[in-house]
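Asker: Please see the structure below; I have some questions.
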2 protein chains.
Amino acid sequence: MDKRNPSKSNIVQSVDVCIEVLLNVAKNPDIRLTEVAQNLGETKPRILRMLRTLERRGLVRKSGTGTYRLGTTAIILGTAASTQVDLVRIANPILEEVGQKANETTQLRIIDNGESLCIAKFEPMRDLRVQAMIGRRRPLTAGSYKVLLAYLHPQVQLQMIPETLPRLTKRTITDRGKLVAELDKIRRQGFCVSYGEVSDQLVSVSVPVLAFDGSVIAAVNVGAPAFRTQKSDVDRFIVLLKEASSKISARLGW
Amino acid sequence: MDKRNPSKSNIVQSVDVCIEVLLNVAKNPDIRLTEVAQNLGETKPRILRMLRTLERRGLVRKSGTGTYRLGTTAIILGTAASTQVDLVRIANPILEEVGQKANETTQLRIIDNGESLCIAKFEPMRDLRVQAMIGRRRPLTAGSYKVLLAYLHPQVQLQMIPETLPRLTKRTITDRGKLVAELDKIRRQGFCVSYGEVSDQLVSVSVPVLAFDGSVIAAVNVGAPAFRTQKSDVDRFIVLLKEASSKISARLGW
DNA sequence: AAGCGCGTTACGATAGGCGTAACTTGAAAT
DNA sequence: ATTTCAAGTTACGCCTATCGTAACGCGCTT
């Protein structure tokens, strides 16, 4: 009866589908009714009703040619959200500070649905810099975002690590055993540096952000082109990020 | 039967209510279930189901004490939206350019639901500056946002002007006749300057952004403290804003 | 200890929303 | 020009998802 959620559903299905529609439009600008319906495996009339409802409220906007995009209400929601999500609100100025000092791009990432997700960023005024984007997802198993995994219970950890690890570059770790060993090392040293695991020629440094109970709720990160990043720079980044991490934890009231 | 929309409803009511819930949380951070239910005139179980559905998708987040805020998914939505709404995407760099040159706060405003709504902004790096906020609403009848009204069909215009005009300061126009005369003047000169109509000691300059057919789709605005704004500055702002307006129109493909 | 208000659960009644099917439109193909 | 196809839309009757009532547990105040 309830294919998606086999347990008793105390949620509103039509609303749930509608959120899927909204996220689908967000991911695929200028998508058409038929595509959305196909993507979600729903009928066209149903999706049409949903899109119309969303449109009436300005969450999506229909173009003259029948394609849908997000609307102005979505912008307002997002702006409100970034002042309401404590982690983001607090991290933003700190990310900027680190970014200015390092003169490189900084990010705040969390675990979301088995991936790492960028929820805040800062990019320095500099012609060549690492591009960051709020909402962009990356595997948890590649690059320095591994710190997000390193402090989880071993069981959960293994659950989060897929059978076959996605290979992004030739330096990406693809052996589960090696990865677990690496995670051990990260946990001991308290940070993670990766060289060209996500993109070639990119250095990435991450430090975990701890909650009061020692659990990891996020990671702060510096990303930089390898050619201008010496060992000494990496060390500097680590110090900056550790300071930042402590500040964020403190400001969250811990 | 259908109190809100007397005509045939081809929308999904539960989704519509759910959007109201979401917007309500956006407006009132740390709101409680009971409050939302009261605000919307709905029952608690209904709102609870909605909030749970929204929470599952990360659009809202429930705190330990039972209060609700927007969640990370809302941030992502908003970020995606600001790259998808043409007007905002195009206006942003232009607002920044004008803002840098004027060294004052700039805004992009549209008509939404009988009010003016800020959908993009730039604030200069300066200790004292006008505060702008995406999502903030202002009356259409006060301050230089009047330009948004000035080019509407007289019928629609009158419809948008409430019986009694809200008085924000002692300089606010509160007489309908005077307002209509003022709108005439604005239409002839192509811009609007207001002195202390919205806030005391604030100068506001707005220029309309035109669509291909000559209709006004938005207004670009400079806001500045009166004490440091000479007549010559206002003239400069007008020139800058007119350039900006043309650029935006052009980049929209008109 | 009693009272209040909050969040939550259970459940049966119902109307809201679903999918089927049919229609319109416009573009592509013959 | 005629046909074909698919996208978007509308209509409508059936059915189930969703609703509100009522009741419960819980914490805080009186």
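A note on labels: chains of the structure tokens are A, B, ... as shown, every chain counts residues from 1, and ligands are counted from 1 in their shown order.
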Would you pick out the contacts of region 13-28 of chain D at 8 Å or less, using only C-alpha atoms (C1' of nucleotides), so that residues sharing its chain but fewer than 2 positions from it are not included, and give the list as a PyMOL selection string?

Answerer: (chain A and resi 12-13) or (chain B and resi 43+46) or (chain C and resi 9+16)

Asker: Got a sec to pull out which chain A residues are within 12 Å of chain D, counting only C-alpha atoms (C1' of nucleotides), and send them as a list of chain:residue names?

Answerer: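 So the residues of chain A near chain D are A:Met1, A:Asp2, A:Ser9, A:Asn10, A:Ile11, A:Val12, A:Gln13, A:Ser14, A:Val15, A:Arg32, A:Leu33, A:Thr34, A:Glu35, A:Lys44, A:Pro45, A:Arg46, A:Ile47, A:Leu48, A:Arg49, A:Thr65, A:Gly66, A:Thr67.
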
Asker: Keeping C-alpha atoms, export the residues of the selection given above as a JSON list (two decimals), in the first residue's frame.

Answerer:
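For reference, again.json as written:
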```
[["chain", "number", "residue", "atom", "x", "y", "z"],
["A", 1, "MET", "CA", 0.00, 0.00, 0.00],
["A", 2, "ASP", "CA", 2.68, 2.40, 1.05],
["A", 9, "SER", "CA", 2.86, 6.96, 7.57],
["A", 10, "ASN", "CA", 2.25, 9.92, 9.79],
["A", 11, "ILE", "CA", 3.21, 12.20, 6.96],
["A", 12, "VAL", "CA", 1.19, 13.76, 4.17],
["A", 13, "GLN", "CA", 1.98, 11.99, 0.94],
["A", 14, "SER", "CA", 0.80, 14.65, -1.44],
["A", 15, "VAL", "CA", 2.97, 17.17, 0.36],
["A", 32, "ARG", "CA", 8.99, 20.34, -18.31],
["A", 33, "LEU", "CA", 5.90, 18.87, -16.72],
["A", 34, "THR", "CA", 6.35, 15.55, -18.48],
["A", 35, "GLU", "CA", 9.94, 15.20, -17.36],
["A", 44, "LYS", "CA", 0.99, 14.18, -15.36],
["A", 45, "PRO", "CA", -2.27, 15.51, -13.94],
["A", 46, "ARG", "CA", -0.98, 15.00, -10.44],
["A", 47, "ILE", "CA", 2.27, 16.84, -11.09],
["A", 48, "LEU", "CA", 0.41, 19.57, -12.94],
["A", 49, "ARG", "CA", -1.74, 20.23, -9.91],
["A", 65, "THR", "CA", 7.31, 27.92, -23.33],
["A", 66, "GLY", "CA", 6.00, 25.72, -20.55],
["A", 67, "THR", "CA", 9.22, 25.13, -18.64]]
```

Asker: Quick one: pick out all helix (DSSP H, G or I) residues within region 30-254 of chain B from a backbone DSSP run and write them as a ChimeraX atom specification.

Answerer: /B:33-40,44-56,72-84,86-102,143-150,154-160,176-189,226-228,231-251

Asker: List as a PyMOL selection string the protein and nucleic acid residues near region 179-189 of chain B, meaning an atom at most 12 Å away when only C-alpha atoms (C1' of nucleotides) are counted, but skip any in the same chain fewer than 5 places from it.

Answerer: chain B and resi 140-155+157-158+160-165+172-174+194+205-208+215-216+238+242

Asker: Filtering to C-alpha atoms, could you give me those residues as a short mmCIF file (atom, residue, chain, number, x, y, z; two decimals), in the first residue's frame?

Answerer:
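Contents of out.cif, as written:
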```
data_model
loop_
_atom_site.label_atom_id
_atom_site.label_comp_id
_atom_site.auth_asym_id
_atom_site.auth_seq_id
_atom_site.Cartn_x
_atom_site.Cartn_y
_atom_site.Cartn_z
CA LEU B 140 4.11 50.75 -2.57
CA THR B 141 2.80 54.13 -1.65
CA ALA B 142 5.70 55.46 0.41
CA GLY B 143 9.24 56.30 -0.60
CA SER B 144 10.74 56.02 -4.03
CA TYR B 145 9.30 52.55 -4.57
CA LYS B 146 6.35 54.50 -5.92
CA VAL B 147 7.99 54.13 -9.34
CA LEU B 148 6.62 50.60 -9.38
CA LEU B 149 3.13 52.08 -9.37
CA ALA B 150 3.68 54.99 -11.69
CA TYR B 151 3.47 53.11 -14.97
CA LEU B 152 0.51 50.86 -14.25
CA HIS B 153 -2.87 51.31 -15.89
CA PRO B 154 -4.71 53.98 -13.90
CA GLN B 155 -7.40 51.45 -12.96
CA GLN B 157 -3.06 51.79 -9.95
CA LEU B 158 -6.07 52.94 -7.99
CA MET B 160 -3.33 49.03 -5.56
CA ILE B 161 -3.61 52.22 -3.54
CA PRO B 162 -5.43 51.50 -0.27
CA GLU B 163 -8.15 53.79 1.04
CA THR B 164 -5.97 55.07 3.83
CA LEU B 165 -2.28 55.37 3.12
CA THR B 172 4.80 60.20 3.98
CA ILE B 173 2.10 61.17 1.50
CA THR B 174 -1.26 60.23 2.95
CA SER B 194 12.08 60.55 -1.81
CA VAL B 205 16.22 57.04 -5.32
CA SER B 206 14.52 54.55 -7.65
CA VAL B 207 14.39 54.00 -11.40
CA PRO B 208 12.06 51.56 -13.14
CA SER B 215 5.84 47.65 -18.69
CA VAL B 216 7.68 47.98 -15.40
CA ILE B 238 19.94 58.79 -10.96
CA LYS B 242 19.35 54.64 -15.33
#
```

Asker: By how many Å are CA of Glu115 (chain B) and CA of Arg137 (chain B) apart?

Answerer: 6.3 Å

Asker: How close does each residue of chain B get to chain A, giving the shortest atom pair and distance in Å to one decimal for every residue with an atom at most 8 Å away, counting only C-alpha atoms, sorted by chain and residue number, as CSV?

Answerer:
```
residue,atom,partner,partner_atom,distance
B:Asn10,CA,A:Arg49,CA,6.2
B:Ile11,CA,A:Arg49,CA,5.1
B:Val12,CA,A:Arg49,CA,6.2
B:Ser14,CA,A:Val15,CA,6.8
B:Val15,CA,A:Val15,CA,5.1
B:Asp16,CA,A:Thr53,CA,6.2
B:Cys18,CA,A:Val15,CA,7.0
B:Ile19,CA,A:Arg57,CA,7.7
B:Leu23,CA,A:Leu77,CA,7.4
B:Ala26,CA,A:Ala80,CA,6.0
B:Lys27,CA,A:Ala80,CA,7.7
B:Pro29,CA,A:Gln84,CA,6.7
B:Arg49,CA,A:Ile11,CA,5.1
B:Met50,CA,A:Val12,CA,6.3
B:Arg52,CA,A:Ile11,CA,6.2
B:Thr53,CA,A:Ile11,CA,5.1
B:Leu54,CA,A:Asp16,CA,7.6
B:Arg57,CA,A:Ile19,CA,7.7
B:Arg69,CA,A:Gln84,CA,6.4
B:Leu70,CA,A:Ala81,CA,5.2
B:Gly71,CA,A:Val85,CA,6.3
B:Thr72,CA,A:Val85,CA,7.0
B:Ala74,CA,A:Gly78,CA,5.1
B:Ile75,CA,A:Gly78,CA,4.3
B:Ile76,CA,A:Gly135,CA,5.1
B:Leu77,CA,A:Gly78,CA,6.1
B:Gly78,CA,A:Gly78,CA,3.7
B:Thr79,CA,A:Gly78,CA,6.6
B:Ala80,CA,A:Ala26,CA,6.0
B:Ala81,CA,A:Leu70,CA,5.2
B:Ser82,CA,A:Ile75,CA,5.9
B:Gln84,CA,A:Leu70,CA,6.3
B:Val85,CA,A:Gly71,CA,6.3
B:Ile119,CA,A:Thr72,CA,7.1
B:Ile134,CA,A:Ile76,CA,6.3
B:Gly135,CA,A:Ile76,CA,5.1
```

Asker: Write the residues of the selection above to a file with C-alpha atoms, as an mmCIF file, in the first residue's frame.

Answerer:
```
data_model
loop_
_atom_site.group_PDB
_atom_site.id
_atom_site.type_symbol
_atom_site.label_atom_id
_atom_site.label_comp_id
_atom_site.auth_asym_id
_atom_site.auth_seq_id
_atom_site.Cartn_x
_atom_site.Cartn_y
_atom_site.Cartn_z
ATOM 1 C CA ASN B 10 -7.254 22.979 -9.698
ATOM 2 C CA ILE B 11 -4.731 23.134 -6.932
ATOM 3 C CA VAL B 12 -3.900 20.776 -4.107
ATOM 4 C CA SER B 14 -3.005 20.222 1.495
ATOM 5 C CA VAL B 15 0.053 21.333 -0.440
ATOM 6 C CA ASP B 16 -1.145 24.902 -0.322
ATOM 7 C CA CYS B 18 1.838 23.200 3.698
ATOM 8 C CA ILE B 19 3.410 26.112 1.844
ATOM 9 C CA LEU B 23 6.336 30.514 5.011
ATOM 10 C CA ALA B 26 10.280 31.373 7.698
ATOM 11 C CA LYS B 27 8.693 34.499 9.107
ATOM 12 C CA PRO B 29 11.798 31.434 13.627
ATOM 13 C CA ARG B 49 1.652 16.059 9.912
ATOM 14 C CA MET B 50 2.758 18.843 7.618
ATOM 15 C CA ARG B 52 6.789 16.244 10.039
ATOM 16 C CA THR B 53 6.703 15.902 6.286
ATOM 17 C CA LEU B 54 8.704 19.087 5.843
ATOM 18 C CA ARG B 57 13.008 16.546 3.768
ATOM 19 C CA ARG B 69 13.057 26.690 12.103
ATOM 20 C CA LEU B 70 13.919 26.442 8.470
ATOM 21 C CA GLY B 71 16.401 23.720 7.600
ATOM 22 C CA THR B 72 19.332 23.219 5.294
ATOM 23 C CA ALA B 74 15.725 25.618 2.330
ATOM 24 C CA ILE B 75 19.177 27.146 2.001
ATOM 25 C CA ILE B 76 19.914 24.963 -0.970
ATOM 26 C CA LEU B 77 16.600 25.841 -2.573
ATOM 27 C CA GLY B 78 17.305 29.521 -2.150
ATOM 28 C CA THR B 79 20.783 29.299 -3.594
ATOM 29 C CA ALA B 80 19.499 27.412 -6.579
ATOM 30 C CA ALA B 81 16.693 29.910 -7.003
ATOM 31 C CA SER B 82 18.952 32.930 -7.107
ATOM 32 C CA GLN B 84 17.521 30.472 -11.769
ATOM 33 C CA VAL B 85 15.509 33.655 -11.480
ATOM 34 C CA ILE B 119 14.627 40.322 -4.101
ATOM 35 C CA ILE B 134 16.019 40.175 0.891
ATOM 36 C CA GLY B 135 12.377 39.362 1.491
#
```

Asker: DSSP on the backbone: what in region 30-237 of chain B comes out strand (DSSP E or B), as an MDAnalysis selection string?

Answerer: chainID B and resid 31:32 60:62 67:70 105:112 115:122 137:139 192:195 202:210 216:225

Asker: Rounded to one decimal in Å, what is the spacing between CA of Lys170 (chain B) and CA of Thr105 (chain B)?

Answerer: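 Result for CA of Lys170 (chain B) versus CA of Thr105 (chain B): 23.4 Å, one decimal.
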
Asker: Do you have the CA of Val98 (chain B)-CA of Glu197 (chain B) distance handy?

Answerer: 22.7 Å

Asker: Counting only C-alpha atoms (C1' of nucleotides), give me one row per residue of chain C with an atom at most 10 Å from an atom of chain B, showing the shortest contact pair and its distance in Å to one decimal, sorted by chain then residue number, as a Markdown table.

Answerer:
```
| residue | atom | partner | partner_atom | distance |
| --- | --- | --- | --- | --- |
| C:DG5 | C1' | B:Thr34 | CA | 9.9 |
| C:DC6 | C1' | B:Thr34 | CA | 7.8 |
| C:DG7 | C1' | B:Leu33 | CA | 8.2 |
| C:DT8 | C1' | B:Pro45 | CA | 8.4 |
| C:DT9 | C1' | B:Pro45 | CA | 9.6 |
| C:DG16 | C1' | B:Gln13 | CA | 8.0 |
| C:DG17 | C1' | B:Val12 | CA | 7.4 |
```

Asker: Quick one: residues within 9 Å of Lys101 (chain B), only C-alpha atoms (C1' of nucleotides), excluding same-chain residues fewer than 5 positions away - as a ChimeraX atom specification?

Answerer: /B:96,237,240

Asker: Just the residues within 8 Å of Gly99 (chain B), please, counting only C-alpha atoms (C1' of nucleotides), with nothing from its chain fewer than 5 positions along; format it as a ChimeraX atom specification.

Answerer: /B:104-106,122-124,222
